[in-house]
Amino acid sequence: MKDVMIVAIRDSSFKLIEQKLLYCNPISYRTKTVDYLALYRPKPISAVTHYGKILKVESNVYYLKYYKEKPYWMKAGASYIKCYHLEWLKELPSPIVRSQRYNAIIRPIYTDLEKLLSAKTLSDLF
């Protein structure tokens with residue numbers, strides 16, 4: 001069962017997740033509701049480094065509820081987000097690294113927890 005969503009995040013989003021245990025994205029992404037969230041951090045890290053248990057999901061939230069100004073990733077004209085509240089966030093025992101030069105996570109991908117915890121490379125997640 002695909003119960004993990006892996007998302008690419010920048011350092012600014014990672015800090016928000018670490019501090020507030022909160023991950024938000026535009027509702028236009030049409031992400032699924034899952035049990036766990038895993039974080040892919042692009043260059044220079046280029047690996048999935050953390051995962052967390054989702055406590056609750058809020059849909060159609062006006063962005064000002066959690067942001068002082070519109071986030072860089074929201075399209076012009078968009079105002080609503082989907083928010084994943086985490087129960088906890090843990091670092092993976094070892095990062096899940098890129099196995100090929102061109103494989104990276106750009107859009108959310110889905111896998112199961114067992115694969116996430118045993119994977120060594122991104123290819124192992126599929």
# chains A, B, ... in the order shown; residues from 1 in each chain; ligands from 1
call {"tool": "residues_around", "arguments": {"residues": "range 105-118 of chain A", "least_positions_apart": "2", "cutoff": "8 Å", "atoms": "only C-alpha atoms", "output": "short mmCIF file (atom, residue, chain, number, x, y, z; two decimals) with N, CA and C atoms, in the first residue's frame"}}
result
data_model
loop_
_atom_site.label_atom_id
_atom_site.label_comp_id
_atom_site.auth_asym_id
_atom_site.auth_seq_id
_atom_site.Cartn_x
_atom_site.Cartn_y
_atom_site.Cartn_z
N MET A 1 0.84 -1.19 0.00
CA MET A 1 0.00 0.00 0.00
C MET A 1 0.89 1.24 0.00
N LYS A 2 0.63 2.14 -0.91
CA LYS A 2 1.44 3.36 -1.01
C LYS A 2 0.96 4.37 0.02
N ASP A 3 1.63 4.37 1.18
CA ASP A 3 1.20 5.21 2.30
C ASP A 3 2.18 6.34 2.61
N VAL A 4 3.17 6.56 1.72
CA VAL A 4 4.17 7.61 1.91
C VAL A 4 4.20 8.52 0.69
N MET A 5 4.15 9.82 0.94
CA MET A 5 4.32 10.80 -0.13
C MET A 5 5.70 11.44 0.05
N ILE A 6 6.50 11.42 -1.01
CA ILE A 6 7.83 12.03 -0.97
C ILE A 6 7.76 13.32 -1.75
N VAL A 7 8.17 14.42 -1.10
CA VAL A 7 8.10 15.73 -1.73
C VAL A 7 9.49 16.38 -1.73
N ALA A 8 9.74 17.18 -2.76
CA ALA A 8 10.98 17.95 -2.84
C ALA A 8 10.77 19.26 -2.11
N THR A 31 -2.40 16.59 -4.29
CA THR A 31 -1.70 15.53 -3.59
C THR A 31 -2.70 14.64 -2.84
N TYR A 36 2.27 8.99 5.86
CA TYR A 36 3.62 9.50 6.12
C TYR A 36 4.05 10.47 5.03
N TYR A 40 12.54 15.02 0.26
CA TYR A 40 13.69 14.99 -0.65
C TYR A 40 14.28 16.39 -0.67
N LEU A 92 16.19 9.85 8.57
CA LEU A 92 16.39 8.46 8.16
C LEU A 92 17.77 7.99 8.62
N ASN A 103 18.03 11.17 -12.05
CA ASN A 103 16.83 10.86 -11.28
C ASN A 103 16.81 11.71 -10.01
N LYS A 120 18.12 2.37 -0.44
CA LYS A 120 19.46 2.99 -0.43
C LYS A 120 19.54 4.09 -1.49
N ASP A 124 15.21 2.46 -5.65
CA ASP A 124 14.65 1.42 -4.77
C ASP A 124 13.23 1.75 -4.30
N LEU A 125 12.80 2.99 -4.48
CA LEU A 125 11.49 3.41 -3.99
C LEU A 125 10.35 3.01 -4.92
N PHE A 126 10.68 2.61 -6.14
CA PHE A 126 9.64 2.32 -7.14
C PHE A 126 9.40 0.82 -7.26
#
call {"tool": "closest_atom_pairs", "arguments": {"of": "range 22-61 of chain A", "to": "range 71-80 of chain A", "cutoff": "9 Å", "atoms": "only C-alpha atoms", "output": "Markdown table"}}
result
| residue | atom | partner | partner_atom | distance |
| --- | --- | --- | --- | --- |
| A:Asn25 | CA | A:Trp73 | CA | 8.0 |
| A:Pro26 | CA | A:Tyr80 | CA | 6.3 |
| A:Ile27 | CA | A:Tyr80 | CA | 6.2 |
| A:Ser28 | CA | A:Ala78 | CA | 8.5 |
| A:Ser59 | CA | A:Tyr80 | CA | 8.2 |
| A:Asn60 | CA | A:Tyr80 | CA | 5.3 |
| A:Val61 | CA | A:Tyr80 | CA | 5.2 |
call {"tool": "write_last_selection", "arguments": {"atoms": "N, CA and C atoms", "output": "mmCIF file, in the first residue's frame"}}
result
data_model
loop_
_atom_site.group_PDB
_atom_site.id
_atom_site.type_symbol
_atom_site.label_atom_id
_atom_site.label_comp_id
_atom_site.auth_asym_id
_atom_site.auth_seq_id
_atom_site.Cartn_x
_atom_site.Cartn_y
_atom_site.Cartn_z
ATOM 1 N N ASN A 25 1.270 22.747 0.578
ATOM 2 C CA ASN A 25 1.464 22.899 -0.860
ATOM 3 C C ASN A 25 0.182 23.435 -1.476
ATOM 4 N N PRO A 26 0.257 23.987 -2.684
ATOM 5 C CA PRO A 26 -0.952 24.511 -3.328
ATOM 6 C C PRO A 26 -1.965 23.390 -3.568
ATOM 7 N N ILE A 27 -3.240 23.711 -3.445
ATOM 8 C CA ILE A 27 -4.251 22.677 -3.690
ATOM 9 C C ILE A 27 -4.233 22.230 -5.145
ATOM 10 N N SER A 28 -3.667 23.036 -6.019
ATOM 11 C CA SER A 28 -3.589 22.652 -7.435
ATOM 12 C C SER A 28 -2.683 21.442 -7.655
ATOM 13 N N SER A 59 -7.470 20.845 4.146
ATOM 14 C CA SER A 59 -7.603 21.199 2.734
ATOM 15 C C SER A 59 -8.273 22.557 2.596
ATOM 16 N N ASN A 60 -7.996 23.221 1.493
ATOM 17 C CA ASN A 60 -8.598 24.521 1.187
ATOM 18 C C ASN A 60 -8.381 25.552 2.299
ATOM 19 N N VAL A 61 -7.140 25.669 2.734
ATOM 20 C CA VAL A 61 -6.764 26.621 3.780
ATOM 21 C C VAL A 61 -6.242 27.888 3.110
#
call {"tool": "residues_around", "arguments": {"residues": "Ile45 in chain A", "least_positions_apart": "5", "cutoff": "10 Å", "atoms": "only C-alpha atoms", "output": "ChimeraX atom specification"}}
result
/A:40,95,97-98
call {"tool": "closest_residue", "arguments": {"among": "A:Lys70, A:Lys65, A:Arg10, A:Lys20", "to": "Leu39 in chain A", "atoms": "only C-alpha atoms"}}
result
A:Arg10
call {"tool": "select_by_dssp", "arguments": {"residues": "chain A", "states": "strand (DSSP E)", "output": "MDAnalysis selection string"}}
result
chainID A and resid 4:8 22:26 36:41 47:62 80:97 109:111
call {"tool": "select_by_dssp", "arguments": {"residues": "chain A", "states": "alpha helix (DSSP H)", "output": "number ranges by chain"}}
result
A: 11-20, 113-118
call {"tool": "write_last_selection", "arguments": {"atoms": "N, CA and C atoms", "output": "tab-separated table (two decimals), in the first residue's frame"}}
result
chain	number	residue	atom	x	y	z
A	11	ASP	N	15.43	24.56	1.49
A	11	ASP	CA	15.84	24.75	2.88
A	11	ASP	C	14.82	25.55	3.69
A	12	SER	N	14.21	26.57	3.08
A	12	SER	CA	13.23	27.39	3.82
A	12	SER	C	12.02	26.55	4.23
A	13	SER	N	11.56	25.68	3.36
A	13	SER	CA	10.44	24.80	3.70
A	13	SER	C	10.87	23.76	4.73
A	14	PHE	N	12.10	23.28	4.63
A	14	PHE	CA	12.59	22.30	5.60
A	14	PHE	C	12.60	22.89	7.01
A	15	LYS	N	13.01	24.15	7.13
A	15	LYS	CA	13.04	24.80	8.44
A	15	LYS	C	11.63	24.92	9.03
A	16	LEU	N	10.65	25.24	8.18
A	16	LEU	CA	9.26	25.32	8.64
A	16	LEU	C	8.78	23.95	9.13
A	17	ILE	N	9.11	22.92	8.39
A	17	ILE	CA	8.70	21.58	8.78
A	17	ILE	C	9.36	21.18	10.10
A	18	GLU	N	10.65	21.47	10.23
A	18	GLU	CA	11.36	21.14	11.47
A	18	GLU	C	10.78	21.89	12.67
A	19	GLN	N	10.53	23.18	12.50
A	19	GLN	CA	10.09	24.02	13.61
A	19	GLN	C	8.61	23.83	13.96
A	20	LYS	N	7.75	23.73	12.94
A	20	LYS	CA	6.31	23.70	13.20
A	20	LYS	C	5.66	22.37	12.87
A	113	LEU	N	5.94	2.50	3.23
A	113	LEU	CA	6.88	2.74	4.33
A	113	LEU	C	8.01	1.72	4.35
A	114	GLU	N	7.69	0.48	4.08
A	114	GLU	CA	8.71	-0.58	4.08
A	114	GLU	C	9.81	-0.27	3.05
A	115	LYS	N	9.42	0.13	1.85
A	115	LYS	CA	10.41	0.49	0.83
A	115	LYS	C	11.21	1.71	1.24
A	116	LEU	N	10.54	2.70	1.82
A	116	LEU	CA	11.24	3.91	2.26
A	116	LEU	C	12.33	3.59	3.28
A	117	LEU	N	12.00	2.77	4.25
A	117	LEU	CA	12.95	2.47	5.32
A	117	LEU	C	14.08	1.53	4.90
A	118	SER	N	13.91	0.80	3.80
A	118	SER	CA	14.96	-0.11	3.36
A	118	SER	C	15.73	0.40	2.14
